[in-house]
file run.cif (mmCIF, C-alpha atoms and all ligand atoms)
data_run
#
loop_
_atom_site.label_atom_id
_atom_site.label_comp_id
_atom_site.auth_asym_id
_atom_site.auth_seq_id
_atom_site.Cartn_x
_atom_site.Cartn_y
_atom_site.Cartn_z
CA MET A 1 97.79 -88.71 197.68
CA ASN A 2 96.46 -91.83 195.97
CA LYS A 3 96.53 -92.24 192.22
CA TYR A 4 92.83 -91.53 191.80
CA ALA A 5 93.17 -88.21 193.59
CA GLU A 6 96.16 -87.45 191.35
CA ARG A 7 94.09 -88.21 188.28
CA ILE A 8 91.39 -85.87 189.55
CA ASN A 9 93.99 -83.13 189.96
CA ARG A 10 95.22 -83.64 186.40
CA LEU A 11 91.62 -83.29 185.24
CA ARG A 12 91.15 -80.07 187.22
CA ALA A 13 94.14 -78.56 185.47
CA LYS A 14 92.07 -78.65 182.26
CA PHE A 15 89.01 -76.85 183.63
CA GLU A 16 90.16 -73.33 182.86
CA ASP A 17 90.90 -74.01 179.17
CA SER A 18 87.50 -75.66 178.85
CA GLY A 19 85.72 -72.72 180.50
CA ILE A 20 84.13 -74.88 183.20
CA GLU A 21 84.02 -74.72 187.01
CA ALA A 22 82.93 -78.33 187.44
CA LEU A 23 82.57 -81.50 185.39
CA TYR A 24 79.73 -84.00 185.67
CA ILE A 25 80.95 -87.47 184.64
CA ASN A 26 78.57 -90.32 183.93
CA SER A 27 80.36 -92.58 181.43
CA VAL A 28 81.11 -95.93 183.04
CA ALA A 29 84.73 -96.05 181.86
CA ASN A 30 85.47 -92.51 182.99
CA VAL A 31 83.90 -93.09 186.40
CA SER A 32 86.00 -96.27 186.67
CA TYR A 33 89.13 -94.27 185.90
CA PHE A 34 88.64 -92.12 189.01
CA THR A 35 87.30 -94.82 191.34
CA GLY A 36 89.17 -97.99 190.44
CA LYS A 37 85.86 -99.84 190.42
CA LYS A 38 83.45 -100.57 187.62
CA GLY A 39 81.44 -97.38 187.58
CA ASN A 40 77.94 -98.74 186.96
CA ASP A 41 75.07 -96.65 188.36
CA CYS A 42 77.48 -94.06 189.70
CA SER A 43 78.35 -90.58 188.52
CA LEU A 44 80.97 -88.08 189.62
CA TYR A 45 81.01 -84.34 190.10
CA ILE A 46 84.42 -82.71 190.19
CA THR A 47 85.07 -79.06 191.09
CA ALA A 48 88.29 -77.14 191.70
CA ASP A 49 88.45 -78.33 195.31
CA GLU A 50 85.75 -80.97 195.75
CA ALA A 51 85.04 -84.38 194.25
CA TRP A 52 81.75 -86.22 194.70
CA ILE A 53 80.44 -89.68 193.92
CA ILE A 54 76.68 -89.71 193.38
CA THR A 55 75.02 -93.08 193.81
CA ASP A 56 72.40 -94.98 195.83
CA PHE A 57 72.22 -97.17 198.93
CA ARG A 58 73.33 -100.31 197.10
CA TYR A 59 76.77 -98.77 196.65
CA GLU A 60 76.99 -97.15 200.07
CA GLU A 61 79.90 -99.25 201.31
CA LEU A 62 81.71 -98.93 198.02
CA ALA A 63 81.31 -95.16 198.03
CA GLN A 64 82.44 -94.89 201.65
CA SER A 65 85.56 -96.91 200.86
CA MET A 66 86.53 -94.03 198.57
CA SER A 67 86.10 -91.36 201.23
CA GLU A 68 89.82 -90.54 201.07
CA TRP A 69 89.27 -88.82 197.73
CA LEU A 70 85.49 -88.72 197.08
CA SER A 71 82.60 -87.31 199.11
CA PHE A 72 79.43 -89.38 198.92
CA TYR A 73 76.05 -87.96 197.88
CA GLU A 74 73.49 -90.67 198.47
CA THR A 75 70.49 -90.60 196.17
CA GLY A 76 67.03 -91.90 197.02
CA ALA A 77 64.11 -90.46 199.00
CA GLY A 78 63.77 -87.37 196.84
CA ARG A 79 67.50 -86.89 196.42
CA ASN A 80 68.78 -87.42 192.92
CA THR A 81 71.36 -86.15 190.47
CA LEU A 82 69.16 -83.19 189.68
CA SER A 83 68.78 -82.12 193.32
CA PHE A 84 72.53 -82.45 193.76
CA ILE A 85 73.27 -80.24 190.78
CA GLU A 86 70.68 -77.71 191.94
CA SER A 87 72.37 -77.51 195.35
CA ARG A 88 75.73 -76.58 193.85
CA GLU A 89 77.18 -73.11 193.55
CA GLU A 90 79.14 -73.67 190.35
CA ARG A 91 77.49 -72.04 187.39
CA LYS A 92 79.46 -73.33 184.42
CA ILE A 93 79.18 -77.09 184.51
CA GLY A 94 80.80 -79.35 181.93
CA ILE A 95 78.97 -82.47 180.78
CA GLU A 96 80.34 -85.31 178.66
CA ARG A 97 78.81 -84.66 175.27
CA SER A 98 79.27 -88.25 174.10
CA TYR A 99 77.68 -89.85 177.14
CA LEU A 100 75.07 -87.68 178.86
CA PRO A 101 71.60 -89.13 178.20
CA LEU A 102 69.33 -86.72 176.37
CA ASP A 103 66.82 -87.04 179.21
CA LEU A 104 69.34 -85.68 181.73
CA TRP A 105 70.42 -82.95 179.33
CA LEU A 106 66.81 -81.75 179.07
CA ARG A 107 66.41 -81.76 182.86
CA PHE A 108 69.77 -80.11 183.50
CA THR A 109 69.20 -77.31 181.04
CA ALA A 110 65.82 -76.58 182.63
CA ILE A 111 67.65 -75.57 185.85
CA GLU A 112 67.85 -71.79 186.06
CA GLY A 113 71.07 -69.90 186.57
CA LYS A 114 73.40 -72.59 185.30
CA GLU A 115 75.17 -73.07 182.03
CA PHE A 116 75.89 -76.62 180.86
CA ILE A 117 78.89 -76.87 178.58
CA PRO A 118 79.34 -80.00 176.48
CA VAL A 119 82.98 -81.09 176.61
CA HIS A 120 84.67 -83.79 174.64
CA GLY A 121 87.63 -85.97 175.51
CA LEU A 122 88.82 -84.28 178.72
CA VAL A 123 89.02 -87.50 180.70
CA GLU A 124 89.77 -89.57 177.61
CA LYS A 125 92.94 -87.60 176.88
CA LEU A 126 94.17 -88.39 180.40
CA ARG A 127 93.35 -92.04 179.81
CA ASP A 128 95.45 -92.17 176.62
CA VAL A 129 98.62 -92.42 178.71
CA LYS A 130 98.67 -95.42 181.01
CA ASP A 131 100.47 -95.76 184.33
CA ALA A 132 102.50 -98.84 185.30
CA GLU A 133 99.58 -100.58 186.97
CA GLU A 134 97.29 -100.07 183.99
CA LEU A 135 99.97 -101.39 181.62
CA GLU A 136 100.37 -104.45 183.83
CA LEU A 137 96.62 -105.20 183.73
CA ILE A 138 96.46 -104.82 179.95
CA ALA A 139 99.53 -107.04 179.55
CA ARG A 140 97.88 -109.66 181.71
CA ALA A 141 94.67 -109.51 179.66
CA ALA A 142 96.72 -109.84 176.47
CA LYS A 143 98.59 -112.85 177.86
CA ILE A 144 95.28 -114.60 178.53
CA GLY A 145 94.46 -114.04 174.86
CA CYS A 146 97.78 -115.54 173.73
CA GLU A 147 97.41 -118.61 175.95
CA THR A 148 93.90 -119.08 174.62
CA PHE A 149 95.22 -118.96 171.06
CA ASP A 150 97.80 -121.67 171.82
CA TYR A 151 95.04 -123.88 173.18
CA ILE A 152 92.58 -123.15 170.42
CA LEU A 153 94.98 -124.21 167.65
CA GLY A 154 94.52 -127.77 168.86
CA PHE A 155 90.77 -127.34 169.15
CA ILE A 156 89.82 -126.11 165.66
CA LYS A 157 88.56 -128.95 163.47
CA PRO A 158 86.68 -129.05 160.18
CA GLY A 159 82.98 -129.65 160.84
CA MET A 160 82.71 -127.51 163.97
CA THR A 161 80.62 -124.38 163.73
CA GLU A 162 81.85 -120.82 164.08
CA LYS A 163 79.64 -120.46 167.17
CA GLU A 164 81.26 -123.50 168.77
CA LEU A 165 84.67 -122.01 168.14
CA ALA A 166 83.69 -118.59 169.49
CA THR A 167 82.19 -120.14 172.63
CA GLU A 168 85.35 -122.16 173.28
CA ILE A 169 87.55 -119.08 172.92
CA GLU A 170 85.39 -117.27 175.47
CA TYR A 171 85.38 -120.21 177.87
CA GLN A 172 89.15 -120.62 177.64
CA MET A 173 89.74 -116.93 178.39
CA LYS A 174 87.48 -117.07 181.44
CA LYS A 175 89.12 -120.28 182.60
CA ARG A 176 92.42 -118.43 182.51
CA GLY A 177 91.22 -115.65 184.77
CA ALA A 178 89.37 -113.25 182.46
CA GLU A 179 86.46 -111.54 184.20
CA GLY A 180 84.61 -110.97 180.96
CA LEU A 181 84.95 -110.20 177.28
CA SER A 182 86.23 -106.88 176.00
CA PHE A 183 83.88 -107.25 172.99
CA ASP A 184 81.83 -109.94 171.24
CA THR A 185 84.18 -112.61 169.95
CA ILE A 186 84.63 -112.79 166.20
CA ALA A 187 85.24 -116.31 164.88
CA ILE A 188 84.43 -116.59 161.20
CA SER A 189 85.46 -118.85 158.36
CA GLY A 190 85.67 -119.22 154.61
CA ALA A 191 84.20 -116.44 152.47
CA LYS A 192 82.84 -114.75 155.61
CA THR A 193 86.38 -113.73 156.59
CA SER A 194 86.06 -110.91 154.05
CA MET A 195 83.78 -109.16 156.57
CA PRO A 196 86.03 -107.40 159.10
CA HIS A 197 83.41 -107.66 161.82
CA GLY A 198 81.54 -110.77 160.75
CA VAL A 199 79.39 -112.53 163.36
CA PRO A 200 79.90 -116.21 164.26
CA SER A 201 77.08 -118.36 162.87
CA ASP A 202 76.08 -122.00 162.52
CA LYS A 203 78.32 -122.22 159.45
CA LYS A 204 80.66 -125.17 159.72
CA ILE A 205 84.40 -124.69 159.30
CA GLU A 206 85.50 -126.49 156.13
CA THR A 207 88.80 -127.76 154.84
CA GLY A 208 90.36 -125.04 152.73
CA ASP A 209 88.89 -122.21 154.84
CA PHE A 210 90.63 -119.32 156.41
CA VAL A 211 89.46 -118.86 160.00
CA THR A 212 89.72 -115.37 161.50
CA MET A 213 89.55 -115.03 165.27
CA ASP A 214 89.38 -111.54 166.77
CA TYR A 215 88.83 -111.52 170.49
CA GLY A 216 89.83 -110.08 173.80
CA CYS A 217 89.07 -110.19 177.47
CA LEU A 218 88.80 -107.99 180.55
CA TYR A 219 91.25 -108.24 183.38
CA GLY A 220 91.09 -105.82 186.31
CA GLY A 221 88.71 -103.74 184.21
CA TYR A 222 91.17 -103.42 181.31
CA CYS A 223 90.76 -104.78 177.80
CA SER A 224 92.86 -106.86 175.48
CA ASP A 225 92.45 -107.33 171.74
CA MET A 226 94.11 -109.64 169.22
CA THR A 227 93.39 -111.22 165.86
CA ARG A 228 94.84 -114.21 164.08
CA THR A 229 93.87 -115.74 160.75
CA VAL A 230 94.74 -119.41 160.27
CA ALA A 231 94.21 -121.86 157.41
CA VAL A 232 92.33 -125.11 157.95
CA GLY A 233 93.77 -127.46 155.35
CA GLN A 234 95.83 -126.30 152.39
CA PRO A 235 95.22 -122.69 151.35
CA THR A 236 95.32 -121.59 147.72
CA GLN A 237 98.28 -119.64 146.36
CA GLU A 238 96.19 -116.46 146.40
CA MET A 239 95.35 -116.99 150.08
CA LYS A 240 99.03 -117.43 150.90
CA ASP A 241 100.06 -114.40 148.87
CA VAL A 242 97.48 -112.12 150.48
CA TYR A 243 98.33 -113.45 153.92
CA ASN A 244 101.98 -112.65 153.42
CA ILE A 245 101.25 -109.10 152.26
CA VAL A 246 99.24 -108.46 155.43
CA LEU A 247 102.02 -110.03 157.48
CA LYS A 248 104.66 -107.87 155.80
CA ALA A 249 102.58 -104.74 156.47
CA GLN A 250 101.99 -105.72 160.08
CA LEU A 251 105.67 -106.50 160.71
CA ASN A 252 106.77 -103.23 159.11
CA ALA A 253 104.44 -101.29 161.40
CA CYS A 254 105.59 -103.23 164.49
CA GLU A 255 109.21 -102.57 163.61
CA LYS A 256 108.94 -98.83 162.98
CA ILE A 257 106.17 -97.43 165.17
CA HIS A 258 107.35 -95.38 168.14
CA ALA A 259 106.08 -92.56 170.33
CA GLY A 260 106.28 -89.17 168.64
CA LEU A 261 105.17 -90.34 165.19
CA THR A 262 101.71 -89.09 164.30
CA GLY A 263 98.80 -91.48 163.97
CA ILE A 264 98.89 -90.81 160.21
CA GLU A 265 102.56 -91.78 159.98
CA CYS A 266 102.00 -94.98 161.95
CA ASP A 267 99.02 -95.94 159.80
CA ALA A 268 101.04 -95.40 156.61
CA LEU A 269 103.70 -97.89 157.72
CA ALA A 270 101.25 -100.70 157.04
CA ARG A 271 98.96 -99.04 154.52
CA ASP A 272 101.78 -98.25 152.07
CA VAL A 273 102.91 -101.90 152.00
CA ILE A 274 99.37 -103.05 151.21
CA ALA A 275 98.87 -100.32 148.60
CA GLU A 276 102.15 -101.14 146.87
CA ALA A 277 100.99 -104.75 146.57
CA GLY A 278 97.85 -103.48 144.81
CA TYR A 279 95.33 -104.00 147.59
CA GLY A 280 95.09 -100.44 148.92
CA ASP A 281 91.34 -100.26 148.36
CA ARG A 282 90.80 -103.54 150.21
CA PHE A 283 92.19 -102.25 153.51
CA GLY A 284 89.25 -100.06 154.43
CA HIS A 285 89.71 -99.56 158.16
CA SER A 286 92.30 -97.86 160.32
CA LEU A 287 95.52 -99.56 161.39
CA GLY A 288 94.84 -99.37 165.08
CA HIS A 289 92.96 -97.99 168.06
CA GLY A 290 93.86 -97.28 171.65
CA VAL A 291 92.86 -99.90 174.20
CA GLY A 292 92.35 -99.50 177.94
CA LEU A 293 89.20 -99.33 180.03
CA PHE A 294 87.41 -99.22 176.69
CA ILE A 295 88.15 -101.50 173.76
CA HIS A 296 88.19 -98.46 171.48
CA GLU A 297 89.83 -95.36 172.90
CA GLY A 298 92.63 -92.98 172.06
CA PRO A 299 95.07 -92.57 170.47
CA SER A 300 94.52 -93.93 166.95
CA PHE A 301 96.55 -95.00 163.97
CA ASN A 302 94.50 -93.74 161.05
CA GLN A 303 94.63 -91.38 158.09
CA ARG A 304 93.31 -88.38 160.07
CA TYR A 305 95.04 -88.56 163.46
CA ASP A 306 97.69 -85.89 162.99
CA ALA A 307 98.83 -85.64 166.63
CA PRO A 308 101.95 -87.38 167.95
CA ILE A 309 101.29 -90.72 169.65
CA PRO A 310 102.24 -90.39 173.33
CA ALA A 311 104.58 -92.77 175.12
CA ASP A 312 102.86 -95.34 177.34
CA SER A 313 99.72 -95.40 175.25
CA VAL A 314 98.46 -98.84 174.22
CA VAL A 315 97.38 -99.27 170.61
CA SER A 316 96.39 -102.19 168.39
CA ILE A 317 98.27 -102.85 165.13
CA GLU A 318 95.84 -104.60 162.82
CA PRO A 319 96.13 -104.33 159.05
CA GLY A 320 93.88 -106.46 156.87
CA ILE A 321 92.93 -107.24 153.28
CA TYR A 322 89.34 -108.20 152.49
CA LEU A 323 88.23 -109.73 149.18
CA PRO A 324 84.41 -109.95 149.05
CA GLY A 325 83.09 -113.37 148.13
CA LYS A 326 86.54 -114.92 148.57
CA PHE A 327 88.27 -114.42 151.91
CA GLY A 328 89.91 -111.90 154.21
CA VAL A 329 93.02 -111.74 156.35
CA ARG A 330 93.69 -109.67 159.45
CA ILE A 331 96.60 -109.91 161.88
CA GLU A 332 96.39 -107.90 165.10
CA ASP A 333 98.79 -107.34 167.95
CA LEU A 334 98.49 -105.01 170.93
CA ALA A 335 101.45 -102.80 171.76
CA ILE A 336 102.70 -100.42 174.42
CA ILE A 337 104.15 -97.43 172.57
CA LYS A 338 107.56 -96.22 173.77
CA GLU A 339 110.01 -93.60 172.49
CA SER A 340 112.31 -96.37 171.30
CA GLY A 341 109.64 -98.53 169.65
CA ILE A 342 106.90 -100.85 170.80
CA ILE A 343 106.55 -103.51 173.45
CA ASN A 344 104.38 -106.11 171.78
CA LEU A 345 101.97 -107.66 174.28
CA VAL A 346 100.93 -110.39 171.83
CA ASP A 347 103.60 -113.01 171.14
CA SER A 348 101.45 -115.58 169.32
CA LYS A 349 102.89 -116.82 166.04
CA LYS A 350 102.09 -114.62 163.04
CA GLU A 351 103.52 -116.63 160.13
CA LEU A 352 100.71 -118.51 158.38
CA ILE A 353 99.58 -121.50 160.44
CA ILE A 354 98.10 -124.37 158.44
CA LEU A 355 96.08 -126.74 160.60
MN MN A 401 91.13 -104.26 167.47
#

call {"tool": "encode", "arguments": {"input": "run.cif", "output": "structure tokens"}}
result
Amino acid sequence: MNKYAERINRLRAKFEDSGIEALYINSVANVSYFTGKKGNDCSLYITADEAWIITDFRYEELAQSMSEWLSFYETGAGRNTLSFIESREERKIGIERSYLPLDLWLRFTAIEGKEFIPVHGLVEKLRDVKDAEELELIARAAKIGCETFDYILGFIKPGMTEKELATEIEYQMKKRGAEGLSFDTIAISGAKTSMPHGVPSDKKIETGDFVTMDYGCLYGGYCSDMTRTVAVGQPTQEMKDVYNIVLKAQLNACEKIHAGLTGIECDALARDVIAEAGYGDRFGHSLGHGVGLFIHEGPSFNQRYDAPIPADSVVSIEPGIYLPGKFGVRIEDLAIIKESGIINLVDSKKELIIL
């Protein structure tokens, strides 16, 4: 049995607890998880003993290449998702509450004799734990990010704009084999670094600025994510002090996180260091998020995630301190979580770099 069929079986094992006889899957990442291909314009329908891919003529060959584990329902000429669902015997059909378009929900629920049950996180929970091949793809994506950082240190110069820097980061990742970006590149400077998700603009990088770069790429469909903050020219004492607090928090988390701790406990490993230094209210986001087919998935390091973090999940470790009107610092690595600790996929230098 191939790994996609195995994944489908693991999903089926959850049907009974969810009170469903079938699951309709239309989120691109979740379709990708069961097909191994980018799941655009395709949806899946999984029952206890059948698995269908629903798509049109353009994807005929692709769908047929999956015939080992997926039957193909070709849409077009009066056949569509609705007619497929109508033709099915299952009565209790799960839909992905976070992804089903409202339009489809309205059409589905107009079908008589069926009950549509919104489910949440069934596939996502499976995706939290990565297999060896997935870990390899994420590691490769992360390595492209690290190599790009090495290159970009020699590229940053006062007078260039944030947009120029962001564009170069993206070009360098693609040149190194990335097939795309895992999210819009953040490259911001000076006072703008106090905005955790600031957008690159025509602002020029100036001597004395912090520059924060938060970026990642796609490789084999999987995401990477990393952040570094560097100084261009001599930073002030306050900039150095704040940087070193974030660094201390980040290192403490990297050293002590392991599978089995809850997301709350992991988050506290960094948050407590920042709070003790007096900046607790200036670290307003979570410590980390899962990364995989999506840039933000499970599990999470935050102040609410009270479940144990599973081994072989991949999570970012990214504390920050943000001082409005002045500057911000964030340092982010990406780690495979193991029982014994983490495997850090980002090996770029973390001590303050002054260019
Ligand atoms: Mn991140």

call {"tool": "residues_near_ligand", "arguments": {"input": "run.cif", "ligand": "ligand MN 401 (chain A)", "cutoff": "9 Å", "atoms": "all atoms listed in the file", "output": "JSON, numbers by chain"}}
result
{"A": [214, 215, 216, 224, 225, 226, 227, 287, 288, 289, 290, 291, 295, 296, 315, 316, 317, 318, 332, 333, 334]}

call {"tool": "write_last_selection", "arguments": {"input": "run.cif", "atoms": "C-alpha atoms", "output": "PDB file, in the frame of the given file"}}
result
ATOM      1  CA  ASP A 214      89.380-111.540 166.770  1.00  0.00           C
ATOM      2  CA  TYR A 215      88.830-111.520 170.490  1.00  0.00           C
ATOM      3  CA  GLY A 216      89.830-110.080 173.800  1.00  0.00           C
ATOM      4  CA  SER A 224      92.860-106.860 175.480  1.00  0.00           C
ATOM      5  CA  ASP A 225      92.450-107.330 171.740  1.00  0.00           C
ATOM      6  CA  MET A 226      94.110-109.640 169.220  1.00  0.00           C
ATOM      7  CA  THR A 227      93.390-111.220 165.860  1.00  0.00           C
ATOM      8  CA  LEU A 287      95.520 -99.560 161.390  1.00  0.00           C
ATOM      9  CA  GLY A 288      94.840 -99.370 165.080  1.00  0.00           C
ATOM     10  CA  HIS A 289      92.960 -97.990 168.060  1.00  0.00           C
ATOM     11  CA  GLY A 290      93.860 -97.280 171.650  1.00  0.00           C
ATOM     12  CA  VAL A 291      92.860 -99.900 174.200  1.00  0.00           C
ATOM     13  CA  ILE A 295      88.150-101.500 173.760  1.00  0.00           C
ATOM     14  CA  HIS A 296      88.190 -98.460 171.480  1.00  0.00           C
ATOM     15  CA  VAL A 315      97.380 -99.270 170.610  1.00  0.00           C
ATOM     16  CA  SER A 316      96.390-102.190 168.390  1.00  0.00           C
ATOM     17  CA  ILE A 317      98.270-102.850 165.130  1.00  0.00           C
ATOM     18  CA  GLU A 318      95.840-104.600 162.820  1.00  0.00           C
ATOM     19  CA  GLU A 332      96.390-107.900 165.100  1.00  0.00           C
ATOM     20  CA  ASP A 333      98.790-107.340 167.950  1.00  0.00           C
ATOM     21  CA  LEU A 334      98.490-105.010 170.930  1.00  0.00           C
TER      22      LEU A 334
END

call {"tool": "closest_atom_pairs", "arguments": {"input": "run.cif", "of": "range 128-204 of chain A", "to": "range 276-284 of chain A", "cutoff": "12 Å", "atoms": "only C-alpha atoms", "output": "Markdown table"}}
result
| residue | atom | partner | partner_atom | distance |
| --- | --- | --- | --- | --- |
| A:Ser194 | CA | A:Arg282 | CA | 9.6 |
| A:Met195 | CA | A:Gly284 | CA | 10.8 |
| A:Pro196 | CA | A:Gly284 | CA | 9.3 |

call {"tool": "residues_near_point", "arguments": {"input": "run.cif", "point": "(93.8, -93.2, 167.1)", "cutoff": "10 Å", "atoms": "all atoms listed in the file", "output": "PyMOL selection string"}}
result
chain A and resi 128+262-264+266-267+286-291+296-307+309+315-316

call {"tool": "residues_near_point", "arguments": {"input": "run.cif", "point": "(105.9, -99.2, 162.2)", "cutoff": "9 Å", "atoms": "only C-alpha atoms", "output": "ChimeraX atom specification"}}
result
/A:249-258,265-270,317,341-342

call {"tool": "closest_residue", "arguments": {"input": "run.cif", "among": "A:Glu179, A:Glu351, A:Glu134, A:Met66", "to": "Asp312 in chain A", "atoms": "only C-alpha atoms"}}
result
A:Glu134

call {"tool": "residues_around", "arguments": {"input": "run.cif", "residues": "Ser98 in chain A", "least_positions_apart": "4", "cutoff": "10 Å", "atoms": "all atoms listed in the file", "output": "NGL selection string"}}
result
:A and (27 or 118-121)

call {"tool": "write_last_selection", "arguments": {"input": "run.cif", "atoms": "C-alpha atoms", "output": "PDB file, keeping the file's coordinate frame"}}
result
ATOM      1  CA  SER A  27      80.360 -92.580 181.430  1.00  0.00           C
ATOM      2  CA  PRO A 118      79.340 -80.000 176.480  1.00  0.00           C
ATOM      3  CA  VAL A 119      82.980 -81.090 176.610  1.00  0.00           C
ATOM      4  CA  HIS A 120      84.670 -83.790 174.640  1.00  0.00           C
ATOM      5  CA  GLY A 121      87.630 -85.970 175.510  1.00  0.00           C
TER       6      GLY A 121
END

call {"tool": "closest_residue", "arguments": {"input": "run.cif", "among": "A:Lys163, A:Arg7, A:Lys92, A:Arg79", "to": "Ile188 in chain A", "atoms": "all atoms listed in the file"}}
result
A:Lys163

call {"tool": "atom_distance", "arguments": {"input": "run.cif", "atom1": "CA of Glu96 in chain A", "atom2": "CA of Ser71 in chain A"}}
result
20.7 Å

call {"tool": "atom_distance", "arguments": {"input": "run.cif", "atom1": "CA of Leu247 in chain A", "atom2": "CA of Pro319 in chain A"}}
result
8.3 Å

call {"tool": "residues_around", "arguments": {"input": "run.cif", "residues": "Asp56 in chain A", "least_positions_apart": "4", "cutoff": "7 Å", "atoms": "only C-alpha atoms", "output": "PyMOL selection string"}}
result
chain A and resi 60+74-76

call {"tool": "closest_residue", "arguments": {"input": "run.cif", "among": "A:Phe34, A:Tyr24, A:Ile353, A:Gly220", "to": "Glu133 in chain A", "atoms": "only C-alpha atoms"}}
result
A:Gly220

call {"tool": "residues_around", "arguments": {"input": "run.cif", "residues": "Lys14 in chain A", "least_positions_apart": "2", "cutoff": "12 Å", "atoms": "all atoms listed in the file", "output": "PyMOL selection string"}}
result
chain A and resi 7-12+16-23+46-48+94+119-123+125-126

call {"tool": "residues_around", "arguments": {"input": "run.cif", "residues": "Ser67 in chain A", "least_positions_apart": "4", "cutoff": "12 Å", "atoms": "only C-alpha atoms", "output": "MDAnalysis selection string"}}
result
chainID A and resid 2 4:5 35 50:53 60:63 71:73

call {"tool": "write_last_selection", "arguments": {"input": "run.cif", "atoms": "C-alpha atoms", "output": "compact mmCIF listing (two decimals), in the frame of the given file"}}
result
# COMPACT_ATOMS: atom_id res chain seq x y z
CA ASN A 2 96.46 -91.83 195.97
CA TYR A 4 92.83 -91.53 191.80
CA ALA A 5 93.17 -88.21 193.59
CA THR A 35 87.30 -94.82 191.34
CA GLU A 50 85.75 -80.97 195.75
CA ALA A 51 85.04 -84.38 194.25
CA TRP A 52 81.75 -86.22 194.70
CA ILE A 53 80.44 -89.68 193.92
CA GLU A 60 76.99 -97.15 200.07
CA GLU A 61 79.90 -99.25 201.31
CA LEU A 62 81.71 -98.93 198.02
CA ALA A 63 81.31 -95.16 198.03
CA SER A 71 82.60 -87.31 199.11
CA PHE A 72 79.43 -89.38 198.92
CA TYR A 73 76.05 -87.96 197.88

call {"tool": "atom_distance", "arguments": {"input": "run.cif", "atom1": "CA of Met1 in chain A", "atom2": "CA of Trp69 in chain A"}}
result
8.5 Å

call {"tool": "residues_around", "arguments": {"input": "run.cif", "residues": "Thr207 in chain A", "least_positions_apart": "6", "cutoff": "10 Å", "atoms": "only C-alpha atoms", "output": "mmCIF file with C-alpha atoms, in the frame of the given file"}}
result
data_model
loop_
_atom_site.group_PDB
_atom_site.id
_atom_site.type_symbol
_atom_site.label_atom_id
_atom_site.label_comp_id
_atom_site.auth_asym_id
_atom_site.auth_seq_id
_atom_site.Cartn_x
_atom_site.Cartn_y
_atom_site.Cartn_z
ATOM 1 C CA LYS A 157 88.560 -128.950 163.470
ATOM 2 C CA PRO A 158 86.680 -129.050 160.180
ATOM 3 C CA GLY A 159 82.980 -129.650 160.840
ATOM 4 C CA GLY A 190 85.670 -119.220 154.610
ATOM 5 C CA ALA A 231 94.210 -121.860 157.410
ATOM 6 C CA VAL A 232 92.330 -125.110 157.950
ATOM 7 C CA GLY A 233 93.770 -127.460 155.350
ATOM 8 C CA GLN A 234 95.830 -126.300 152.390
ATOM 9 C CA PRO A 235 95.220 -122.690 151.350
ATOM 10 C CA LEU A 355 96.080 -126.740 160.600
#

call {"tool": "decode", "arguments": {"input": "run.cif", "residues": "range 74-85 of chain A", "atoms": "N, CA and C atoms", "output": "PDB file, in the first residue's frame"}}
result
ATOM      1  N   GLU A  74     -14.942  12.320 -13.242  1.00  0.00           N
ATOM      2  CA  GLU A  74     -14.653  13.454 -14.120  1.00  0.00           C
ATOM      3  C   GLU A  74     -15.857  14.374 -14.201  1.00  0.00           C
ATOM      4  N   THR A  75     -15.631  15.640 -13.916  1.00  0.00           N
ATOM      5  CA  THR A  75     -16.703  16.623 -13.992  1.00  0.00           C
ATOM      6  C   THR A  75     -16.753  17.227 -15.395  1.00  0.00           C
ATOM      7  N   GLY A  76     -17.821  17.942 -15.667  1.00  0.00           N
ATOM      8  CA  GLY A  76     -18.024  18.519 -17.002  1.00  0.00           C
ATOM      9  C   GLY A  76     -19.260  17.881 -17.618  1.00  0.00           C
ATOM     10  N   ALA A  77     -19.847  18.548 -18.601  1.00  0.00           N
ATOM     11  CA  ALA A  77     -21.030  18.022 -19.298  1.00  0.00           C
ATOM     12  C   ALA A  77     -22.125  17.585 -18.324  1.00  0.00           C
ATOM     13  N   GLY A  78     -22.481  18.488 -17.421  1.00  0.00           N
ATOM     14  CA  GLY A  78     -23.579  18.214 -16.499  1.00  0.00           C
ATOM     15  C   GLY A  78     -23.185  17.416 -15.268  1.00  0.00           C
ATOM     16  N   ARG A  79     -21.941  16.978 -15.227  1.00  0.00           N
ATOM     17  CA  ARG A  79     -21.463  16.268 -14.033  1.00  0.00           C
ATOM     18  C   ARG A  79     -20.634  17.242 -13.202  1.00  0.00           C
ATOM     19  N   ASN A  80     -21.005  17.378 -11.954  1.00  0.00           N
ATOM     20  CA  ASN A  80     -20.234  18.260 -11.088  1.00  0.00           C
ATOM     21  C   ASN A  80     -20.200  17.677  -9.673  1.00  0.00           C
ATOM     22  N   THR A  81     -19.624  18.428  -8.775  1.00  0.00           N
ATOM     23  CA  THR A  81     -19.496  17.956  -7.400  1.00  0.00           C
ATOM     24  C   THR A  81     -20.867  17.606  -6.820  1.00  0.00           C
ATOM     25  N   LEU A  82     -21.830  18.453  -7.163  1.00  0.00           N
ATOM     26  CA  LEU A  82     -23.174  18.257  -6.626  1.00  0.00           C
ATOM     27  C   LEU A  82     -23.782  16.937  -7.114  1.00  0.00           C
ATOM     28  N   SER A  83     -23.628  16.673  -8.422  1.00  0.00           N
ATOM     29  CA  SER A  83     -24.204  15.429  -8.953  1.00  0.00           C
ATOM     30  C   SER A  83     -23.482  14.217  -8.373  1.00  0.00           C
ATOM     31  N   PHE A  84     -22.201  14.370  -8.115  1.00  0.00           N
ATOM     32  CA  PHE A  84     -21.469  13.270  -7.477  1.00  0.00           C
ATOM     33  C   PHE A  84     -22.030  12.985  -6.082  1.00  0.00           C
ATOM     34  N   ILE A  85     -22.162  14.043  -5.311  1.00  0.00           N
ATOM     35  CA  ILE A  85     -22.652  13.871  -3.929  1.00  0.00           C
ATOM     36  C   ILE A  85     -24.066  13.270  -3.942  1.00  0.00           C
TER      37      ILE A  85
END
